[in-house]
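Source file: my_file_24.csv; contents: CSV, C-alpha atoms.
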chain,number,residue,atom,x,y,z
V,144,MET,CA,0.0,0.0,0.0
V,145,GLU,CA,1.4,3.4,-1.0
V,146,THR,CA,1.8,5.8,1.8
V,147,HIS,CA,2.6,8.8,-0.5
V,148,TYR,CA,1.1,10.5,-3.5
V,149,PHE,CA,3.2,12.3,-6.2
V,150,TYR,CA,2.7,16.1,-6.7
V,151,VAL,CA,3.9,17.0,-10.1
V,152,TYR,CA,5.0,20.5,-10.9
V,153,GLY,CA,5.9,20.4,-14.5
V,154,ILE,CA,7.6,18.6,-17.3
V,155,VAL,CA,11.0,19.5,-18.8
V,156,PRO,CA,13.3,18.1,-21.6
V,157,LYS,CA,15.6,15.5,-20.1
V,158,ALA,CA,18.6,16.9,-22.0
V,159,GLU,CA,18.2,20.4,-20.3
V,160,LEU,CA,17.8,18.8,-16.9
V,161,GLU,CA,21.0,16.8,-17.3
V,162,LYS,CA,23.0,20.0,-17.8
V,163,THR,CA,22.2,21.5,-14.4
V,164,GLY,CA,20.5,18.9,-12.2
V,165,LEU,CA,17.5,19.7,-10.0
V,166,PRO,CA,17.4,22.7,-7.8
V,167,GLU,CA,17.7,21.9,-4.1
V,168,MET,CA,14.4,23.1,-2.9
V,169,SER,CA,11.8,21.5,-0.7
V,170,GLY,CA,8.5,20.4,-2.2
V,171,ILE,CA,5.0,21.2,-1.1
V,172,ASP,CA,5.0,18.7,1.8
V,173,GLN,CA,8.7,19.3,2.7
V,174,SER,CA,10.1,16.3,0.7
V,175,GLU,CA,12.8,16.9,-1.9
V,176,LEU,CA,12.2,17.4,-5.6
V,177,GLU,CA,12.6,14.3,-7.7
V,178,GLU,CA,12.4,13.5,-11.4
V,179,MET,CA,10.9,10.7,-13.5
V,180,THR,CA,12.1,10.4,-17.0
V,181,TYR,CA,10.3,8.8,-19.9
V,182,HIS,CA,12.2,8.7,-23.1
V,183,ASP,CA,13.5,12.4,-23.5
V,184,ILE,CA,11.0,14.1,-21.1
V,185,SER,CA,11.2,14.4,-17.3
V,186,ALA,CA,8.5,15.1,-14.9
V,187,ILE,CA,9.5,17.0,-11.7
V,188,TYR,CA,7.6,15.9,-8.7
V,189,THR,CA,7.7,15.7,-4.9
V,190,GLN,CA,6.2,13.1,-2.6
V,191,VAL,CA,3.3,14.1,-0.3
V,192,ARG,CA,1.7,12.2,2.6
V,193,LYS,CA,-1.3,10.4,1.3
V,194,GLU,CA,-3.6,11.3,4.2
V,195,GLU,CA,-2.9,15.1,3.7
V,196,TYR,CA,-3.7,15.1,0.0
V,197,THR,CA,-6.9,13.0,-0.6
V,198,GLU,CA,-9.5,14.6,-2.8
V,199,GLU,CA,-11.7,15.4,0.3
V,200,GLU,CA,-8.7,16.9,2.2
V,201,LEU,CA,-7.8,19.1,-0.8
V,202,ASP,CA,-11.4,20.3,-1.1
V,203,LYS,CA,-11.2,21.4,2.5
V,204,LYS,CA,-7.8,22.9,2.1
V,205,THR,CA,-8.5,25.0,-1.0
V,206,ASN,CA,-11.3,26.7,0.9
V,207,ASP,CA,-8.7,27.9,3.4
V,208,LEU,CA,-7.3,31.1,2.1
V,209,LYS,CA,-4.2,30.9,4.2
V,210,TRP,CA,-3.4,27.5,2.9
V,211,LEU,CA,-4.2,28.5,-0.6
V,212,GLN,CA,-1.9,31.5,-0.4
V,213,GLU,CA,1.0,29.6,1.1
V,214,LYS,CA,0.8,26.7,-1.4
V,215,ALA,CA,0.1,28.8,-4.5
V,216,VAL,CA,3.1,30.9,-3.7
V,217,HIS,CA,5.2,27.7,-3.2
V,218,HIS,CA,3.9,26.3,-6.5
V,219,ASN,CA,5.0,29.4,-8.2
V,220,GLU,CA,8.3,29.5,-6.5
V,221,ILE,CA,9.2,26.0,-7.6
V,222,LEU,CA,7.9,26.5,-11.2
V,223,SER,CA,9.8,29.9,-11.5
V,224,ALA,CA,13.0,28.1,-10.4
V,225,LEU,CA,12.4,25.3,-13.0
V,226,HIS,CA,11.4,27.8,-15.7
V,227,SER,CA,14.6,29.9,-15.2
V,228,SER,CA,16.7,26.8,-15.9
V,229,TYR,CA,14.7,24.6,-18.3
V,230,THR,CA,11.9,24.8,-20.9
V,231,THR,CA,9.1,24.0,-18.5
V,232,LEU,CA,5.6,22.9,-19.2
V,233,PRO,CA,3.7,23.8,-16.0
V,234,LEU,CA,1.0,21.5,-14.7
V,235,LYS,CA,-2.1,22.8,-13.0
V,236,PHE,CA,-1.7,23.7,-9.3
V,237,CYS,CA,-2.3,20.6,-7.1
V,238,THR,CA,-1.9,17.9,-9.7
V,239,LEU,CA,-1.2,14.6,-8.0
V,240,TYR,CA,-0.8,11.1,-9.2
V,241,THR,CA,-1.5,8.2,-6.8
V,242,THR,CA,1.3,6.0,-8.2
V,243,LEU,CA,4.4,6.6,-10.2
V,244,SER,CA,3.3,4.1,-12.8
V,245,SER,CA,0.2,6.2,-13.5
V,246,LEU,CA,2.4,9.3,-14.0
V,247,GLU,CA,4.5,7.3,-16.4
V,248,GLU,CA,1.4,6.2,-18.3
V,249,VAL,CA,0.4,9.8,-18.7
V,250,LEU,CA,3.8,10.8,-20.0
V,251,ALA,CA,3.7,7.9,-22.4
V,252,GLU,CA,0.3,8.9,-23.7
V,253,HIS,CA,1.1,12.5,-24.2
V,254,GLU,CA,4.9,12.5,-25.0
V,255,ASP,CA,4.5,13.9,-28.6
V,256,GLN,CA,2.2,16.7,-27.4
V,257,ILE,CA,4.6,17.5,-24.6
V,258,ARG,CA,7.5,17.7,-26.9
V,259,SER,CA,5.7,20.0,-29.3
V,260,ILE,CA,4.7,22.3,-26.5
V,261,HIS,CA,8.3,22.4,-25.3
V,262,GLU,CA,9.2,23.4,-28.8
V,263,SER,CA,6.6,26.2,-28.9
V,264,ILE,CA,7.6,27.7,-25.5
V,265,LYS,CA,11.3,27.4,-25.7
V,266,GLY,CA,13.1,30.7,-24.8
V,267,LYS,CA,9.8,32.4,-24.0
V,268,ASP,CA,8.2,33.8,-20.8
V,269,GLU,CA,4.8,34.8,-19.8
V,270,TRP,CA,4.3,38.5,-18.9
V,271,ASN,CA,1.2,39.8,-17.2
V,272,LEU,CA,-0.2,43.2,-17.8
V,273,LYS,CA,-2.8,44.7,-15.5
V,274,ILE,CA,-4.1,48.3,-16.0
V,275,TYR,CA,-5.6,50.2,-13.1
V,276,ALA,CA,-7.5,53.5,-13.6
V,277,ASP,CA,-8.6,56.2,-11.2
V,278,ASP,CA,-12.0,57.6,-12.2
V,279,SER,CA,-11.7,60.8,-10.3
V,280,ALA,CA,-8.8,62.0,-12.5
V,281,TRP,CA,-11.0,61.2,-15.5
V,282,GLU,CA,-14.0,63.2,-14.5
V,283,ALA,CA,-11.9,66.4,-14.3
V,284,MET,CA,-10.2,65.6,-17.6
V,285,ILE,CA,-13.4,64.9,-19.4
V,286,LYS,CA,-14.8,68.2,-18.3
V,287,GLU,CA,-11.7,69.9,-19.4
V,288,ARG,CA,-11.8,68.3,-22.8
V,289,HIS,CA,-15.5,68.9,-23.3
V,290,PRO,CA,-16.2,72.5,-22.2
V,291,GLU,CA,-19.8,72.1,-23.4
V,292,ILE,CA,-20.5,69.9,-20.3
V,293,GLU,CA,-19.9,72.8,-18.0
V,294,GLN,CA,-22.4,74.8,-20.0
V,295,GLN,CA,-24.9,72.0,-19.9
V,296,TYR,CA,-24.6,72.0,-16.1
V,297,LYS,CA,-25.1,75.8,-16.0
V,298,ASP,CA,-28.2,75.4,-18.2
V,299,LEU,CA,-29.7,73.1,-15.7
V,300,GLU,CA,-30.2,76.0,-13.3
V,301,SER,CA,-32.9,77.6,-15.4
V,302,LEU,CA,-35.0,74.4,-15.5
V,303,PRO,CA,-37.8,73.5,-13.1
V,304,PRO,CA,-36.6,71.1,-10.3
V,305,GLY,CA,-38.3,67.9,-11.6
V,306,LYS,CA,-36.9,68.4,-15.1
V,307,ARG,CA,-33.5,69.5,-13.7
V,308,PHE,CA,-33.1,66.2,-11.9
V,309,PHE,CA,-33.6,64.1,-15.1
V,310,GLU,CA,-31.5,66.3,-17.3
V,311,LYS,CA,-28.7,66.2,-14.7
V,312,LYS,CA,-28.8,62.4,-14.7
V,313,LYS,CA,-28.6,62.4,-18.5
V,314,ILE,CA,-25.4,64.6,-18.4
V,315,GLU,CA,-23.9,62.3,-15.7
V,316,LYS,CA,-24.6,59.3,-17.8
V,317,ALA,CA,-23.0,60.9,-20.9
V,318,VAL,CA,-19.9,61.8,-18.9
V,319,LYS,CA,-19.6,58.2,-17.6
V,320,GLU,CA,-19.9,56.8,-21.1
V,321,ALA,CA,-17.3,59.2,-22.4
V,322,ILE,CA,-14.9,58.1,-19.5
V,323,GLU,CA,-15.5,54.4,-20.4
V,324,ALA,CA,-14.8,55.0,-24.0
V,325,GLU,CA,-11.6,56.9,-23.3
V,326,LYS,CA,-10.4,54.2,-21.0
V,327,ALA,CA,-11.2,51.5,-23.4
V,328,LYS,CA,-9.2,53.3,-26.1
V,329,ILE,CA,-6.2,53.7,-23.9
V,330,CYS,CA,-6.3,50.0,-22.8
V,331,GLN,CA,-6.5,48.9,-26.4
V,332,GLN,CA,-3.5,51.1,-27.3
V,333,ILE,CA,-1.4,49.7,-24.4
V,334,HIS,CA,-2.5,46.1,-25.3
V,335,LEU,CA,-1.5,46.7,-28.9
V,336,ASN,CA,1.9,47.9,-27.9
V,337,VAL,CA,2.6,44.7,-26.0
V,338,SER,CA,0.9,42.4,-28.6
V,339,GLU,CA,3.3,43.7,-31.1
V,340,ILE,CA,6.2,42.1,-29.3
V,341,SER,CA,4.3,39.0,-28.2
V,342,ASP,CA,3.8,35.6,-29.9
V,343,LYS,CA,0.5,35.0,-28.3
V,344,HIS,CA,-1.8,36.8,-25.8
V,345,LYS,CA,-4.8,36.0,-23.7
V,346,GLU,CA,-7.3,38.4,-22.2
V,347,LYS,CA,-8.2,37.5,-18.7
V,348,GLU,CA,-11.1,38.3,-16.4
V,349,LEU,CA,-11.0,41.7,-14.6
V,350,LEU,CA,-10.6,41.4,-10.8
V,351,SER,CA,-12.8,43.3,-8.4
V,352,LYS,CA,-11.4,45.8,-5.9
V,353,GLN,CA,-12.3,43.2,-3.3
V,354,ALA,CA,-9.8,40.8,-4.9
V,355,THR,CA,-7.1,43.4,-5.6
V,356,GLY,CA,-7.4,45.4,-2.4
V,357,ARG,CA,-6.8,48.6,-4.4
V,358,SER,CA,-8.7,51.8,-4.6
V,359,GLU,CA,-8.4,52.0,-8.4
V,360,ASP,CA,-10.5,49.8,-10.8
V,361,MET,CA,-8.8,47.2,-12.8
V,362,VAL,CA,-9.6,48.0,-16.4
V,363,TRP,CA,-7.4,45.5,-18.3
V,364,ASN,CA,-6.0,42.1,-17.4
V,365,GLY,CA,-4.0,40.2,-20.0
V,366,SER,CA,-1.2,37.6,-20.4
V,367,TYR,CA,1.4,37.6,-23.1
V,368,LEU,CA,3.9,35.1,-24.4
V,369,ILE,CA,7.1,37.0,-25.2
V,370,SER,CA,10.5,35.8,-26.3
V,371,ARG,CA,13.4,36.7,-24.1
V,372,GLN,CA,14.8,38.9,-26.8
V,373,ALA,CA,11.6,40.8,-27.4
V,374,ALA,CA,11.0,41.2,-23.7
V,375,GLN,CA,13.9,43.6,-23.5
V,376,GLY,CA,11.5,46.2,-25.1
V,377,ILE,CA,9.1,46.1,-22.1
V,378,ASP,CA,11.0,48.6,-20.0
V,379,GLN,CA,10.9,51.1,-22.8
V,380,LEU,CA,7.2,50.6,-23.3
V,381,LEU,CA,6.5,51.1,-19.6
V,382,GLU,CA,8.5,54.3,-19.6
V,383,GLN,CA,6.6,55.5,-22.6
V,384,TRP,CA,3.2,54.7,-20.9
V,385,GLN,CA,4.4,56.4,-17.7
V,386,THR,CA,4.9,59.7,-19.5
V,387,THR,CA,1.6,59.4,-21.5
V,388,TYR,CA,-0.9,57.9,-19.1
V,389,LYS,CA,0.1,58.7,-15.6
V,390,VAL,CA,-1.5,62.2,-15.8
V,391,LEU,CA,-4.7,60.5,-16.9
V,392,GLY,CA,-4.8,58.4,-13.8
V,393,VAL,CA,-4.1,55.2,-15.8
V,394,TYR,CA,-1.5,52.9,-14.3
V,395,PRO,CA,-0.3,50.0,-16.4
V,396,GLU,CA,1.6,47.4,-14.3
V,397,CYS,CA,3.6,44.6,-15.9
V,398,THR,CA,4.9,41.6,-14.0
V,399,GLY,CA,7.2,38.9,-15.2
V,400,PRO,CA,9.0,36.8,-16.4
V,401,TRP,CA,6.5,34.1,-15.3
V,402,PRO,CA,6.5,30.4,-16.1
V,403,VAL,CA,4.2,30.0,-19.1
V,404,TYR,CA,1.0,29.1,-17.1
V,405,GLN,CA,-1.4,30.4,-19.7
V,406,PHE,CA,0.3,29.3,-22.9
V,407,ALA,CA,1.1,25.6,-22.5
V,408,LYS,CA,-2.1,24.0,-23.8
V,409,LEU,CA,-2.5,20.4,-24.6
V,410,GLY,CA,-5.7,20.9,-26.6
V,411,GLU,CA,-3.8,22.8,-29.4
V,412,ALA,CA,-1.6,19.9,-30.2
V,413,LYS,CA,-4.2,17.2,-29.4
V,414,LEU,CA,-3.7,13.9,-31.2
V,415,SER,CA,-6.5,11.5,-31.8
O,295,MET,CA,3.6,53.5,-10.3
O,296,SER,CA,4.1,52.0,-13.7
O,297,GLU,CA,7.3,50.0,-13.8
O,298,VAL,CA,8.1,46.4,-14.6
O,299,LYS,CA,7.8,44.3,-11.5
O,300,ARG,CA,10.3,41.5,-12.0
O,301,LEU,CA,9.5,38.3,-10.2
O,302,ASN,CA,12.9,38.2,-8.5
O,303,ASN,CA,12.3,41.4,-6.6
O,304,GLU,CA,9.9,41.9,-3.7
O,305,ASP,CA,7.2,43.9,-5.5
O,306,VAL,CA,5.0,41.2,-6.9
O,307,SER,CA,1.7,41.2,-5.0
O,308,LEU,CA,-0.3,38.3,-3.8
O,309,VAL,CA,-3.1,39.0,-6.3
O,310,ASP,CA,-0.5,38.8,-9.1
O,311,ILE,CA,0.7,35.5,-8.0
O,312,LEU,CA,-2.7,33.9,-7.4
O,313,ASP,CA,-4.0,35.3,-10.7
O,314,ALA,CA,-1.1,33.7,-12.5
O,315,VAL,CA,-1.1,30.4,-10.8
O,316,LEU,CA,-4.7,29.5,-10.1
O,317,ASP,CA,-6.8,27.8,-12.8
O,318,THR,CA,-3.9,27.8,-15.2
O,319,GLY,CA,-1.3,25.2,-16.3
O,320,VAL,CA,-1.8,21.9,-18.1
O,321,VAL,CA,-4.1,19.1,-17.0
O,322,LEU,CA,-2.6,15.7,-17.8
O,323,GLN,CA,-5.6,13.6,-17.1
O,324,GLY,CA,-4.8,10.1,-15.8
O,325,ASP,CA,-6.9,7.3,-14.2
O,326,LEU,CA,-5.1,7.6,-10.9
O,327,MET,CA,-4.9,11.3,-10.7
O,328,ILE,CA,-6.2,13.8,-8.2
O,329,SER,CA,-6.9,17.4,-9.1
O,330,ILE,CA,-8.6,20.4,-7.5
O,331,ALA,CA,-11.7,22.2,-8.7
O,332,ASP,CA,-11.1,25.6,-10.4
O,333,ILE,CA,-10.7,28.5,-8.1
O,334,ASP,CA,-12.2,31.7,-9.4
O,335,LEU,CA,-10.3,34.6,-8.0
O,336,VAL,CA,-13.1,36.9,-8.9
O,337,TYR,CA,-15.0,35.5,-5.9
O,338,VAL,CA,-12.1,35.3,-3.5
O,339,ASP,CA,-11.9,38.1,-0.9
O,340,LEU,CA,-8.2,38.8,-0.8
O,341,ARG,CA,-8.5,41.7,1.6
O,342,LEU,CA,-8.4,39.1,4.4
O,343,LEU,CA,-4.9,38.3,3.3
O,344,ILE,CA,-3.5,41.7,2.4
O,345,SER,CA,-2.1,42.2,5.8
O,346,SER,CA,0.2,39.2,5.3
O,347,VAL,CA,1.5,40.3,1.9
O,348,GLU,CA,4.7,41.6,3.3
O,349,THR,CA,5.6,38.2,4.7
O,350,LEU,CA,4.5,36.7,1.4
O,351,ASN,CA,6.8,39.0,-0.6
O,352,ARG,CA,9.7,37.8,1.3
O,353,ALA,CA,8.7,34.2,0.6
O,354,THR,CA,8.4,34.8,-3.2
O,355,ARG,CA,11.9,36.0,-3.6
O,356,ARG,CA,13.3,33.6,-6.2
O,357,LYS,CA,15.9,31.2,-4.9
O,358,GLU,CA,19.0,30.9,-7.0
O,359,ILE,CA,19.5,27.6,-8.6
O,360,ASN,CA,23.0,26.4,-8.4

Take the structure in the file and give it back as structure tokens.
Amino acid sequence: METHYFYVYGIVPKAELEKTGLPEMSGIDQSELEEMTYHDISAIYTQVRKEEYTEEELDKKTNDLKWLQEKAVHHNEILSALHSSYTTLPLKFCTLYTTLSSLEEVLAEHEDQIRSIHESIKGKDEWNLKIYADDSAWEAMIKERHPEIEQQYKDLESLPPGKRFFEKKKIEKAVKEAIEAEKAKICQQIHLNVSEISDKHKEKELLSKQATGRSEDMVWNGSYLISRQAAQGIDQLLEQWQTTYKVLGVYPECTGPWPVYQFAKLGEAKLS
Amino acid sequence: MSEVKRLNNEDVSLVDILDAVLDTGVVLQGDLMISIADIDLVYVDLRLLISSVETLNRATRRKEIN
């Protein structure tokens, strides 16, 4: 009877692994990192105590924010270390196999796809772009750009109270729409700048203020697959955005280089 | 405010890490495999964790491989 399960972080080409060997880091349950090689690909895993990682136990644990935080950070730490040394196909957070032979079966079944993913992500990193915007800066700016709005507000004073209320709402709605349109235009421009140096990109769901803990709204969230050479242009782009958009209360933030979490997809190379 | 936050410095926030890690990566489906349900960050209240971000940032500093 097995007493351990096998938590797999990712899959790397055996030839690259042989050059440097595995990093000396502890796995998610404090055991060391190990490798299992099948032909020319190697899965990097760590052993975990079976009783701690059953499906029921994991369901409970993933509802515990503190556990989630600690382990997601750990998962990223290991994958970032692997990614900085090898072409790494990252597996989903908390992927476990109950036996090593089941892991081997999976490698055997998918080896061609894994190889072709390695080929497509070699020398590339994931970069994440999140844009935050502060609406108060926009309201002032919209009024400045559209002097007729001020006049419209002045005109309200001559209206009877009931009508004034509805007309005021109308103006506010128009201002809000103008702000949204301007913000969308800027996001699109920034996104285009990064897309130009990217191989692939993916638009992600916007996160609420509750999730980000910030006072500004998130107005863009995207991931980009960028070659190491092209990524050298990112600093220059950010500098350019800083000069252009900061005064507008638009703050693009770029993080990276990440392991290619979003861009290693089995489906794209699926074999029948 | 707009500058590249490289993963090997201490600036990357918890939300950046969770957004990158959760519900991403490849699923290599096997018969004897255990996986977790998708976790949608949109519904997670990270304010509860913001106070511990400083500790977290220290933890995320990339370790050198050698």

Could you give me, as a PyMOL selection string, the residues that sit within 10 Å of (1.6, 9.9, -19.5) in the file's coordinates, counting all atoms listed in the file? (chain V and resi 181+186+244-254+257) or (chain O and resi 322-324)

Can you work out the spacing between atom CA of Val336 of chain O and atom CA of Ser307 of chain O in Å, to one decimal? 15.9 Å

If we count only C-alpha atoms, what is near Ala354 of chain V at a cut-off of 9 Å, once residues fewer than 5 positions away on the same chain are taken out, given as a list in words?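 Skipping anything fewer than 5 positions along the chain leaves Val309, Leu335, Val336, Tyr337, Val338, Asp339, Leu340 and Arg341 of chain O.
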
Rounded to one decimal place, report the atom CA of Lys157 of chain V-atom CA of Thr180 of chain V distance in Å.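 Calculated distance between atom CA of Lys157 of chain V and atom CA of Thr180 of chain V is 6.9 Å.
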
Excluding Leu312 of chain O and its own-chain neighbours fewer than 5 positions away, which residues fall within 12 Å of it when counting only C-alpha atoms? Please give them as an MDAnalysis selection string. (chainID V and resid 208 211:220 236 350 354:355 404) or (chainID O and resid 306:307 317:318 333:336 338 340 343 350 354)

For segment 188-203 of chain V, work out the shell of residues within 7 Å, counting all atoms listed in the file and skipping chain neighbours fewer than 4 positions away, then give it as JSON, numbers by chain. {"V": [146, 147, 148, 149, 150, 151, 152, 170, 172, 174, 175, 176, 177, 178], "O": [328, 330]}

What's the separation between atom CA of Lys345 of chain V and atom CA of Phe406 of chain V, in Å to one decimal place? 8.5 Å

For Leu326 of chain O, the nearest of the candidates V:Ser351, V:Leu243, V:Asn364, V:Asp207, counting only C-alpha atoms: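 Checking each of V:Ser351, V:Leu243, V:Asn364, V:Asp207 against Leu326 of chain O, counting only C-alpha atoms, the winner is V:Leu243.
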
So, counting only C-alpha atoms, which residue among V:Gln332, V:Asn271, V:Ser358, V:Gln173 is closest to Val315 of chain O?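 Among the listed residues, V:Asn271 lies closest to Val315 of chain O.
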
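Remark: for Ala224 of chain V, the closest of the candidate residues V:Lys326, V:Ala373, V:Lys204, V:Trp401 is V:Trp401 (distances computed over all atoms listed in the file).
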
Selected residue, from V:Asn206, V:His334, V:His226, V:Glu145, that lies nearest to Asp332 of chain O when counting all atoms listed in the file: V:Asn206
